[in-house]
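*Asks:* Okay, so here is entry25.txt, and as you'll see once you scroll down, it has compact mmCIF, C-alpha atoms and all ligand atoms.
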# COMPACT_ATOMS: atom_id res chain seq x y z
CA MET F 1 0.00 0.00 0.00
CA HIS F 2 1.29 3.47 -0.94
CA SER F 3 1.61 6.07 1.67
CA SER F 4 0.96 9.70 0.63
CA ARG F 5 4.71 10.28 1.18
CA PHE F 6 5.44 8.11 -1.95
CA LEU F 7 2.44 9.17 -3.98
CA PHE F 8 2.95 12.92 -3.75
CA PRO F 9 6.26 13.19 -5.76
CA ARG F 10 4.65 11.12 -8.55
CA ILE F 11 1.63 13.43 -8.76
CA LEU F 12 3.96 16.41 -8.76
CA SER F 13 6.07 15.04 -11.62
CA PHE F 14 2.89 14.40 -13.64
CA PHE F 15 1.92 18.07 -13.31
CA THR F 16 5.39 19.26 -14.29
CA MET F 17 5.60 17.02 -17.40
CA PRO F 18 5.80 19.11 -20.62
CA LEU F 19 2.50 19.17 -22.46
CA PRO F 20 2.35 18.26 -26.18
CA THR F 21 2.60 21.31 -28.38
CA PRO F 22 -0.97 22.33 -29.22
CA LEU F 23 -2.03 22.35 -32.83
CA SER F 24 -2.89 25.78 -34.14
CA PRO F 25 -6.57 26.31 -33.43
CA VAL F 26 -8.88 26.03 -36.43
CA SER F 27 -12.16 27.89 -36.30
CA PRO F 28 -15.13 25.90 -37.56
CA VAL F 29 -16.51 29.11 -39.02
CA SER F 30 -13.36 30.21 -40.85
CA GLN F 31 -13.68 30.77 -44.58
CA ILE F 32 -13.70 27.48 -46.49
CA ARG F 33 -10.70 27.33 -48.77
CA PRO F 34 -10.46 24.61 -51.43
CA VAL F 35 -7.52 22.30 -50.86
CA THR F 36 -5.43 21.43 -53.87
CA VAL F 37 -4.36 17.94 -52.83
CA LEU F 38 -6.54 15.80 -50.60
CA SER F 39 -5.22 13.31 -48.09
CA ARG F 40 -4.04 10.11 -49.72
CA ILE F 41 -3.79 8.21 -46.45
CA GLY F 42 -4.65 4.60 -47.14
CA GLN F 43 -4.82 5.21 -50.88
CA PRO F 44 -2.60 3.39 -53.36
CA THR F 45 0.41 5.50 -54.26
CA LYS F 46 0.34 4.15 -57.80
CA LEU F 47 -2.56 4.88 -60.13
CA VAL F 48 -4.53 1.80 -61.19
CA SER F 49 -6.52 1.49 -64.42
CA PRO F 50 -10.18 0.51 -63.91
CA ILE F 51 -10.09 -1.49 -67.18
CA THR F 52 -8.51 -4.90 -66.82
CA ASP F 53 -10.24 -6.67 -69.75
CA THR F 54 -7.83 -6.88 -72.68
CA ASN F 55 -10.38 -8.65 -74.89
CA LEU F 56 -12.83 -5.86 -75.67
CA SER F 57 -15.51 -6.23 -78.37
CA VAL F 58 -15.42 -3.85 -81.35
CA LEU F 59 -18.20 -1.74 -79.79
CA GLU F 60 -16.41 -1.53 -76.43
CA LYS F 61 -13.19 -0.58 -78.24
CA SER F 62 -15.04 2.21 -80.04
CA LYS F 63 -16.45 3.48 -76.72
CA GLN F 64 -12.90 3.35 -75.36
CA LEU F 65 -11.62 5.34 -78.35
CA ALA F 66 -14.47 7.86 -77.92
CA ALA F 67 -13.56 8.33 -74.25
CA TRP F 68 -9.81 8.52 -74.90
CA THR F 69 -10.29 11.08 -77.69
CA ALA F 70 -12.55 13.18 -75.43
CA VAL F 71 -9.94 13.14 -72.64
CA ASP F 72 -7.11 13.96 -75.07
CA GLN F 73 -9.02 16.90 -76.54
CA HIS F 74 -10.54 18.40 -73.39
CA VAL F 75 -8.46 17.55 -70.30
CA LYS F 76 -5.71 20.18 -70.43
CA PRO F 77 -2.46 20.04 -68.43
CA GLU F 78 -3.53 23.12 -66.44
CA HIS F 79 -6.88 21.60 -65.39
CA ARG F 80 -7.08 20.96 -61.66
CA VAL F 81 -10.76 20.08 -61.01
CA ILE F 82 -12.35 17.39 -63.16
CA GLY F 83 -15.92 16.05 -62.99
CA ILE F 84 -16.34 12.32 -63.54
CA GLY F 85 -19.83 11.26 -64.66
CA SER F 86 -21.67 7.94 -64.72
CA GLY F 87 -22.39 5.22 -67.24
CA SER F 88 -20.74 2.43 -69.19
CA THR F 89 -18.30 4.67 -71.16
CA VAL F 90 -16.98 6.57 -68.16
CA PRO F 91 -14.55 3.83 -66.96
CA TYR F 92 -12.64 4.42 -70.23
CA VAL F 93 -12.47 8.13 -69.38
CA VAL F 94 -10.85 7.26 -66.05
CA GLU F 95 -8.58 4.72 -67.79
CA ARG F 96 -7.22 7.47 -70.06
CA ILE F 97 -6.80 9.91 -67.16
CA VAL F 98 -4.84 7.24 -65.24
CA GLN F 99 -2.62 6.80 -68.33
CA LEU F 100 -1.64 10.48 -68.04
CA GLY F 101 0.36 9.39 -64.99
CA ALA F 102 0.67 10.09 -61.28
CA GLU F 103 2.62 13.31 -61.78
CA ALA F 104 0.04 14.86 -64.13
CA ASN F 105 -2.76 13.93 -61.72
CA GLN F 106 -1.22 14.62 -58.31
CA GLU F 107 -2.40 18.24 -58.16
CA ARG F 108 -5.84 17.36 -59.51
CA VAL F 109 -9.05 16.59 -57.71
CA PHE F 110 -11.83 14.51 -59.23
CA ILE F 111 -15.52 15.11 -58.44
CA PRO F 112 -17.96 12.17 -58.78
CA THR F 113 -21.60 12.27 -59.87
CA GLY F 114 -22.58 9.26 -57.78
CA PHE F 115 -21.57 5.97 -56.23
CA GLN F 116 -20.18 4.45 -59.45
CA SER F 117 -17.86 7.32 -60.28
CA LYS F 118 -16.77 7.70 -56.65
CA GLU F 119 -15.72 4.05 -56.71
CA LEU F 120 -13.88 4.58 -59.99
CA ILE F 121 -11.97 7.59 -58.63
CA VAL F 122 -11.06 5.96 -55.32
CA SER F 123 -10.09 2.55 -56.72
CA SER F 124 -7.92 4.19 -59.40
CA GLY F 125 -5.99 6.10 -56.73
CA LEU F 126 -7.09 9.55 -57.96
CA ASN F 127 -7.78 12.38 -55.50
CA LEU F 128 -11.45 12.52 -54.52
CA GLY F 129 -13.27 15.79 -53.90
CA ASP F 130 -16.83 17.06 -53.87
CA VAL F 131 -18.65 19.86 -55.60
CA ASP F 132 -19.30 21.69 -52.34
CA GLN F 133 -15.51 22.12 -52.02
CA PHE F 134 -15.05 22.86 -55.73
CA PRO F 135 -18.14 24.56 -57.17
CA THR F 136 -16.20 25.48 -60.31
CA ILE F 137 -15.01 22.57 -62.42
CA ASP F 138 -12.62 22.80 -65.37
CA VAL F 139 -14.18 19.98 -67.35
CA THR F 140 -16.82 17.32 -66.69
CA LEU F 141 -16.96 14.16 -68.83
CA ASP F 142 -20.17 12.14 -68.59
CA GLY F 143 -22.24 9.43 -70.28
CA ALA F 144 -25.73 9.85 -71.76
CA ASP F 145 -28.85 7.85 -72.53
CA GLU F 146 -29.54 9.79 -75.73
CA VAL F 147 -28.18 12.89 -77.44
CA ASP F 148 -30.09 14.80 -80.13
CA ARG F 149 -28.79 16.83 -83.08
CA GLU F 150 -28.49 19.97 -80.91
CA LEU F 151 -26.67 18.06 -78.13
CA ASN F 152 -29.69 18.11 -75.83
CA CYS F 153 -29.62 14.85 -73.93
CA ILE F 154 -31.55 12.47 -71.72
CA LYS F 155 -29.67 11.37 -68.61
CA GLY F 156 -30.69 9.43 -65.52
CA GLY F 157 -31.02 5.87 -66.82
CA GLY F 158 -28.82 5.07 -63.82
CA ALA F 159 -30.68 7.58 -61.58
CA CYS F 160 -27.64 9.89 -61.31
CA HIS F 161 -29.03 12.91 -63.17
CA LEU F 162 -29.38 15.31 -60.21
CA ARG F 163 -25.68 15.23 -59.37
CA GLU F 164 -24.82 14.99 -63.05
CA LYS F 165 -26.68 18.21 -63.81
CA VAL F 166 -24.98 20.00 -60.92
CA LEU F 167 -21.57 18.92 -62.23
CA ALA F 168 -22.51 19.80 -65.82
CA GLU F 169 -23.55 23.30 -64.76
CA ALA F 170 -20.48 23.74 -62.57
CA ALA F 171 -18.16 22.85 -65.45
CA ASN F 172 -16.56 25.32 -67.81
CA THR F 173 -16.69 22.53 -70.39
CA PHE F 174 -19.20 19.66 -70.41
CA ILE F 175 -18.45 16.67 -72.65
CA LEU F 176 -20.57 13.60 -73.41
CA VAL F 177 -19.23 10.12 -74.21
CA ALA F 178 -21.47 7.28 -75.36
CA ASP F 179 -22.04 4.74 -78.12
CA TYR F 180 -23.78 5.17 -81.46
CA ARG F 181 -27.18 3.93 -80.15
CA LYS F 182 -27.39 7.14 -78.16
CA ASN F 183 -26.76 9.34 -81.21
CA VAL F 184 -30.23 10.35 -82.44
CA GLU F 185 -32.03 13.09 -84.34
CA PHE F 186 -34.71 13.52 -81.65
CA LEU F 187 -34.75 12.43 -77.99
CA GLY F 188 -36.93 9.43 -77.18
CA THR F 189 -36.04 7.56 -80.40
CA ASN F 190 -34.20 4.58 -78.86
CA PHE F 191 -34.41 5.37 -75.17
CA ALA F 192 -38.04 4.36 -74.73
CA SER F 193 -38.37 4.30 -70.96
CA GLY F 194 -38.86 8.05 -70.87
CA ILE F 195 -37.58 11.14 -69.09
CA PRO F 196 -36.10 10.25 -65.67
CA ILE F 197 -37.49 12.55 -62.97
CA GLU F 198 -36.05 12.55 -59.44
CA VAL F 199 -38.76 13.27 -56.85
CA VAL F 200 -38.86 13.48 -53.07
CA PRO F 201 -40.51 10.25 -51.80
CA PHE F 202 -43.23 12.13 -49.90
CA ALA F 203 -44.49 13.81 -53.08
CA TYR F 204 -44.16 11.01 -55.67
CA ALA F 205 -47.87 10.09 -55.92
CA LYS F 206 -48.91 13.70 -56.43
CA VAL F 207 -46.17 14.34 -59.00
CA LEU F 208 -47.18 11.17 -60.84
CA GLN F 209 -50.83 12.26 -60.85
CA ASN F 210 -49.89 15.69 -62.21
CA ILE F 211 -47.75 14.18 -64.97
CA HIS F 212 -50.56 11.77 -65.92
CA HIS F 213 -53.38 14.31 -65.93
CA HIS F 214 -51.83 17.73 -66.48
CA LEU F 215 -48.58 17.13 -68.37
CA GLY F 216 -49.88 14.63 -70.93
CA CYS F 217 -47.96 11.46 -70.04
CA PRO F 218 -50.41 8.74 -68.92
CA LYS F 219 -47.70 6.05 -68.99
CA ALA F 220 -45.37 7.73 -66.49
CA SER F 221 -44.48 5.31 -63.69
CA LEU F 222 -42.41 4.97 -60.54
CA ARG F 223 -39.10 3.19 -61.28
CA MET F 224 -38.98 -0.08 -59.39
CA ALA F 225 -35.80 -1.75 -58.15
CA VAL F 226 -34.71 -5.10 -59.58
CA LYS F 227 -33.06 -6.88 -56.67
CA LYS F 228 -34.98 -5.05 -53.94
CA ALA F 229 -38.66 -4.91 -53.15
CA GLY F 230 -39.99 -1.43 -53.81
CA PRO F 231 -38.76 1.60 -55.74
CA VAL F 232 -35.28 2.61 -56.86
CA VAL F 233 -33.78 4.99 -54.29
CA THR F 234 -31.24 7.48 -55.66
CA ASP F 235 -27.87 8.38 -54.09
CA ASN F 236 -29.80 11.34 -52.61
CA GLY F 237 -32.50 9.19 -50.99
CA ASN F 238 -35.18 10.10 -53.54
CA PHE F 239 -37.43 8.17 -55.98
CA VAL F 240 -37.41 8.26 -59.78
CA ILE F 241 -40.38 8.57 -62.13
CA ASP F 242 -39.92 7.64 -65.81
CA ALA F 243 -42.12 9.63 -68.19
CA PRO F 244 -42.23 8.33 -71.80
CA TYR F 245 -43.45 11.26 -73.90
CA ASP F 246 -44.41 11.08 -77.58
CA GLN F 247 -41.91 12.20 -80.18
CA GLU F 248 -43.71 15.47 -80.89
CA THR F 249 -43.20 16.54 -77.25
CA MET F 250 -39.57 15.41 -77.30
CA LYS F 251 -38.85 17.66 -80.28
CA THR F 252 -38.94 20.62 -77.86
CA PRO F 253 -37.13 19.12 -74.87
CA TYR F 254 -36.58 22.40 -73.04
CA THR F 255 -40.33 23.10 -72.87
CA ILE F 256 -41.28 19.76 -71.33
CA MET F 257 -38.23 19.80 -69.05
CA ALA F 258 -39.25 23.23 -67.66
CA GLN F 259 -42.89 22.18 -67.18
CA ILE F 260 -41.91 19.05 -65.24
CA LYS F 261 -39.40 20.94 -63.16
CA MET F 262 -42.12 23.36 -62.01
CA LEU F 263 -44.06 20.56 -60.28
CA THR F 264 -43.73 20.71 -56.51
CA GLY F 265 -41.78 17.69 -55.29
CA VAL F 266 -39.62 17.37 -58.41
CA VAL F 267 -35.94 17.61 -57.54
CA GLU F 268 -34.43 17.33 -61.03
CA VAL F 269 -35.35 16.34 -64.57
CA GLY F 270 -33.05 14.15 -66.68
CA VAL F 271 -33.13 16.41 -69.73
CA PHE F 272 -30.03 18.57 -70.24
CA CYS F 273 -30.48 21.34 -72.80
CA HIS F 274 -27.66 23.16 -74.59
CA MET F 275 -25.09 22.27 -71.96
CA ALA F 276 -22.62 20.05 -73.83
CA LYS F 277 -19.78 21.40 -75.93
CA ALA F 278 -19.30 18.10 -77.77
CA ALA F 279 -20.49 14.49 -77.80
CA TYR F 280 -18.23 11.54 -78.67
CA PHE F 281 -19.91 8.37 -79.93
CA GLY F 282 -18.22 4.99 -80.40
CA ASN F 283 -19.60 3.39 -83.58
CA ALA F 284 -20.34 -0.28 -84.35
CA ASP F 285 -17.41 -0.40 -86.83
CA GLY F 286 -14.88 0.90 -84.30
CA THR F 287 -14.82 4.50 -85.55
CA VAL F 288 -15.85 7.52 -83.47
CA THR F 289 -18.24 10.33 -84.42
CA ILE F 290 -17.80 13.71 -82.72
CA LYS F 291 -20.71 16.15 -82.75
CA TRP F 292 -19.87 19.73 -81.70
CA ASN F 293 -22.32 22.32 -80.36
CA ASP F 294 -21.63 24.55 -83.38
CA GLY F 295 -22.99 21.86 -85.73
CA ARG F 296 -19.65 20.42 -86.88
CA VAL F 297 -19.40 16.63 -87.17
CA GLU F 298 -16.03 14.85 -87.27
CA GLU F 299 -15.02 11.22 -87.67
CA VAL F 300 -12.09 9.45 -86.02
CA ALA F 301 -10.71 6.30 -87.64
CA ALA F 302 -10.88 3.03 -85.71
CA ALA F 303 -7.88 2.20 -83.53
CA GLN F 304 -5.30 -0.11 -85.14
CA THR F 305 -4.97 -3.38 -83.22
O1 LIG K 401 -27.89 8.10 -64.50
C1 LIG K 401 -27.05 7.68 -65.27
C2 LIG K 401 -26.36 8.49 -66.27
O2 LIG K 401 -27.10 9.54 -66.77
C3 LIG K 401 -25.65 7.70 -67.34
O3 LIG K 401 -24.70 8.56 -67.88
C4 LIG K 401 -26.55 7.21 -68.47
O4 LIG K 401 -27.63 6.48 -67.93
C5 LIG K 401 -25.81 6.36 -69.51
O5 LIG K 401 -25.42 5.15 -68.95
P1 LIG K 401 -24.93 3.92 -69.84
O6 LIG K 401 -23.71 4.37 -70.59
O7 LIG K 401 -24.61 2.85 -68.85
O8 LIG K 401 -26.05 3.56 -70.76
How does the structure come out when it is put into structure tokens?

*Replies:*
Amino acid sequence: MHSSRFLFPRILSFFTMPLPTPLSPVSPVSQIRPVTVLSRIGQPTKLVSPITDTNLSVLEKSKQLAAWTAVDQHVKPEHRVIGIGSGSTVPYVVERIVQLGAEANQERVFIPTGFQSKELIVSSGLNLGDVDQFPTIDVTLDGADEVDRELNCIKGGGACHLREKVLAEAANTFILVADYRKNVEFLGTNFASGIPIEVVPFAYAKVLQNIHHHLGCPKASLRMAVKKAGPVVTDNGNFVIDAPYDQETMKTPYTIMAQIKMLTGVVEVGVFCHMAKAAYFGNADGTVTIKWNDGRVEEVAAAQT
């Protein structure tokens, strides 16, 4: 048993021990300043390509060439903030960015449009950021469900269109990558399931009723999940309505987009009007078609293999 005679010097030495140097205090209300390089703790130091399949079909190769050409033409060495969209062509975008090398990418931050692109960014070893840190983006590259002759497009087949539209609007340059089935004269030609509409769950029945009875789309329906009972729930916790409009309505996409957006309970509409600078389509024969927002159309020869 200790007597106080032995305990006292110990307590004294504890109080005289030097304290660790305090970190400089950081106010939680100080001005938010974007960081240029995010923490890479736990991240691979080497960049890793998301494409491991070396046996791509001709169509997949053409999507790859479309994505690579888009990256080569629009991701400039001075770009620091890059938006990464969603869809089946986007992994080839990330593949090309990874090929630019660790040095070219170390000062860059990549902003995802949803779970898929976040996974792509993180697993490739690229720096992850968010649009609330970086509300101005140098270039966003994204997929599409359909793109018309004026580069209006339908997006949201994967229920990502809310974040995608935010990143498209935040970008100085917005670029689409897809395959030839998405390259149409008028929206709604091949993509028959309709305009994707993100709605707050509480309001979905009322929005659906309004679309059926007041906005001329009796076949609009709530998107149901495949391997889950009940509706699809977006990355934002909302539901999605798909509204298949007739071709006459889809010839003026801005009008119908604005009417749907005015409905209370609608969060975002998967129609993007006059936002893209160019769209890159991989063709069935391996070539790539580039449509520019000034009406120019260019062809890129198939890759030699
Ligand atoms: O919500 C999903 C996005 O808008 C996609 O970019 C779009 O659905 C195209 O995806 P995919 O290339 O897989 O057809």

*Asks:* Hey, which residues sit close to ligand LIG 401 (chain K)? Say within 8 Å, counting only C-alpha atoms and all ligand atoms, and write them as JSON, numbers by chain.

*Replies:* {"F": [85, 86, 87, 88, 89, 90, 142, 143, 144, 145, 154, 155, 156, 157, 158, 159, 160, 161, 164, 178, 179, 270]}

*Asks:* With only C-alpha atoms as the counted atoms, please give the residues lying no more than 12 Å from F:Leu167, apart from itself and same-chain residues fewer than 3 positions off, as a PyMOL selection string.

*Replies:* chain F and resi 81-86+110-114+130-132+134-142+160-164+170-175+272+275-276

*Asks:* What does the distance from atom CA of F:Pro50 to atom CA of F:Val98 come to in Å, to one decimal?

*Replies:*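 Between atom CA of F:Pro50 and atom CA of F:Val98 the gap works out to 8.7 Å.
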
*Asks:* Fewer than 6 positions away in the same chain doesn't count, so skip those; otherwise give me all residues within 8 Å of F:Glu299, counting only C-alpha atoms, as number ranges by chain.

*Replies:* F: 287-290

*Asks:* Take atom CA of F:Ala258 and atom CA of F:Arg181 and report the distance between them in Å, one decimal.

*Replies:*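 One can read the atom CA of F:Ala258 to atom CA of F:Arg181 distance as 26.0 Å.
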
*Asks:* Just to confirm, what's the straight-line distance from atom CA of F:Arg80 to atom CA of F:Phe115 in Å (one decimal)?

*Replies:*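 Atom-to-atom, atom CA of F:Arg80 to atom CA of F:Phe115, that is 21.5 Å.
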
*Asks:* For F:Gly129, which of F:Val300, F:Ile260, F:Val109, F:Val48 is the closest residue, counting all atoms listed in the file?

*Replies:* F:Val109

*Asks:* Could you model N, CA and C atoms for stretch 176-198 of chain F and present them as a PDB file, in the coordinates of the input?

*Replies:*
ATOM      1  N   LEU F 176     -19.837  14.866 -73.498  1.00  0.00           N
ATOM      2  CA  LEU F 176     -20.570  13.600 -73.410  1.00  0.00           C
ATOM      3  C   LEU F 176     -19.793  12.494 -74.129  1.00  0.00           C
ATOM      4  N   VAL F 177     -19.838  11.296 -73.569  1.00  0.00           N
ATOM      5  CA  VAL F 177     -19.230  10.120 -74.210  1.00  0.00           C
ATOM      6  C   VAL F 177     -20.264   8.993 -74.167  1.00  0.00           C
ATOM      7  N   ALA F 178     -20.428   8.305 -75.287  1.00  0.00           N
ATOM      8  CA  ALA F 178     -21.470   7.280 -75.360  1.00  0.00           C
ATOM      9  C   ALA F 178     -21.212   6.393 -76.574  1.00  0.00           C
ATOM     10  N   ASP F 179     -22.171   5.511 -76.877  1.00  0.00           N
ATOM     11  CA  ASP F 179     -22.040   4.740 -78.120  1.00  0.00           C
ATOM     12  C   ASP F 179     -23.097   5.177 -79.117  1.00  0.00           C
ATOM     13  N   TYR F 180     -22.978   4.671 -80.340  1.00  0.00           N
ATOM     14  CA  TYR F 180     -23.780   5.170 -81.460  1.00  0.00           C
ATOM     15  C   TYR F 180     -25.295   5.031 -81.253  1.00  0.00           C
ATOM     16  N   ARG F 181     -25.736   4.106 -80.379  1.00  0.00           N
ATOM     17  CA  ARG F 181     -27.180   3.930 -80.150  1.00  0.00           C
ATOM     18  C   ARG F 181     -27.783   5.136 -79.454  1.00  0.00           C
ATOM     19  N   LYS F 182     -26.922   5.946 -78.863  1.00  0.00           N
ATOM     20  CA  LYS F 182     -27.390   7.140 -78.160  1.00  0.00           C
ATOM     21  C   LYS F 182     -27.419   8.372 -79.066  1.00  0.00           C
ATOM     22  N   ASN F 183     -26.887   8.219 -80.279  1.00  0.00           N
ATOM     23  CA  ASN F 183     -26.760   9.340 -81.210  1.00  0.00           C
ATOM     24  C   ASN F 183     -28.010   9.405 -82.086  1.00  0.00           C
ATOM     25  N   VAL F 184     -28.939  10.325 -81.757  1.00  0.00           N
ATOM     26  CA  VAL F 184     -30.230  10.350 -82.440  1.00  0.00           C
ATOM     27  C   VAL F 184     -30.558  11.763 -82.930  1.00  0.00           C
ATOM     28  N   GLU F 185     -31.545  11.808 -83.840  1.00  0.00           N
ATOM     29  CA  GLU F 185     -32.030  13.090 -84.340  1.00  0.00           C
ATOM     30  C   GLU F 185     -32.878  13.775 -83.239  1.00  0.00           C
ATOM     31  N   PHE F 186     -33.817  12.998 -82.688  1.00  0.00           N
ATOM     32  CA  PHE F 186     -34.710  13.520 -81.650  1.00  0.00           C
ATOM     33  C   PHE F 186     -34.687  12.612 -80.424  1.00  0.00           C
ATOM     34  N   LEU F 187     -34.756  13.217 -79.245  1.00  0.00           N
ATOM     35  CA  LEU F 187     -34.750  12.430 -77.990  1.00  0.00           C
ATOM     36  C   LEU F 187     -35.982  11.527 -77.935  1.00  0.00           C
ATOM     37  N   GLY F 188     -35.820  10.370 -77.313  1.00  0.00           N
ATOM     38  CA  GLY F 188     -36.930   9.430 -77.180  1.00  0.00           C
ATOM     39  C   GLY F 188     -36.997   8.430 -78.318  1.00  0.00           C
ATOM     40  N   THR F 189     -36.026   8.464 -79.245  1.00  0.00           N
ATOM     41  CA  THR F 189     -36.040   7.560 -80.400  1.00  0.00           C
ATOM     42  C   THR F 189     -35.709   6.127 -79.968  1.00  0.00           C
ATOM     43  N   ASN F 190     -34.594   5.926 -79.311  1.00  0.00           N
ATOM     44  CA  ASN F 190     -34.200   4.580 -78.860  1.00  0.00           C
ATOM     45  C   ASN F 190     -34.408   4.389 -77.366  1.00  0.00           C
ATOM     46  N   PHE F 191     -34.283   5.459 -76.626  1.00  0.00           N
ATOM     47  CA  PHE F 191     -34.410   5.370 -75.170  1.00  0.00           C
ATOM     48  C   PHE F 191     -35.895   5.511 -74.833  1.00  0.00           C
ATOM     49  N   ALA F 192     -36.568   4.359 -74.776  1.00  0.00           N
ATOM     50  CA  ALA F 192     -38.040   4.360 -74.730  1.00  0.00           C
ATOM     51  C   ALA F 192     -38.617   4.490 -73.325  1.00  0.00           C
ATOM     52  N   SER F 193     -37.786   4.316 -72.303  1.00  0.00           N
ATOM     53  CA  SER F 193     -38.370   4.300 -70.960  1.00  0.00           C
ATOM     54  C   SER F 193     -38.800   5.695 -70.476  1.00  0.00           C
ATOM     55  N   GLY F 194     -38.346   6.722 -71.169  1.00  0.00           N
ATOM     56  CA  GLY F 194     -38.860   8.050 -70.870  1.00  0.00           C
ATOM     57  C   GLY F 194     -37.913   8.954 -70.096  1.00  0.00           C
ATOM     58  N   ILE F 195     -38.392  10.142 -69.809  1.00  0.00           N
ATOM     59  CA  ILE F 195     -37.580  11.140 -69.090  1.00  0.00           C
ATOM     60  C   ILE F 195     -37.477  10.735 -67.617  1.00  0.00           C
ATOM     61  N   PRO F 196     -36.251  10.561 -67.101  1.00  0.00           N
ATOM     62  CA  PRO F 196     -36.100  10.250 -65.670  1.00  0.00           C
ATOM     63  C   PRO F 196     -36.320  11.524 -64.827  1.00  0.00           C
ATOM     64  N   ILE F 197     -37.147  11.394 -63.813  1.00  0.00           N
ATOM     65  CA  ILE F 197     -37.490  12.550 -62.970  1.00  0.00           C
ATOM     66  C   ILE F 197     -37.246  12.159 -61.513  1.00  0.00           C
ATOM     67  N   GLU F 198     -36.314  12.846 -60.861  1.00  0.00           N
ATOM     68  CA  GLU F 198     -36.050  12.550 -59.440  1.00  0.00           C
ATOM     69  C   GLU F 198     -37.055  13.329 -58.592  1.00  0.00           C
TER      70      GLU F 198
END
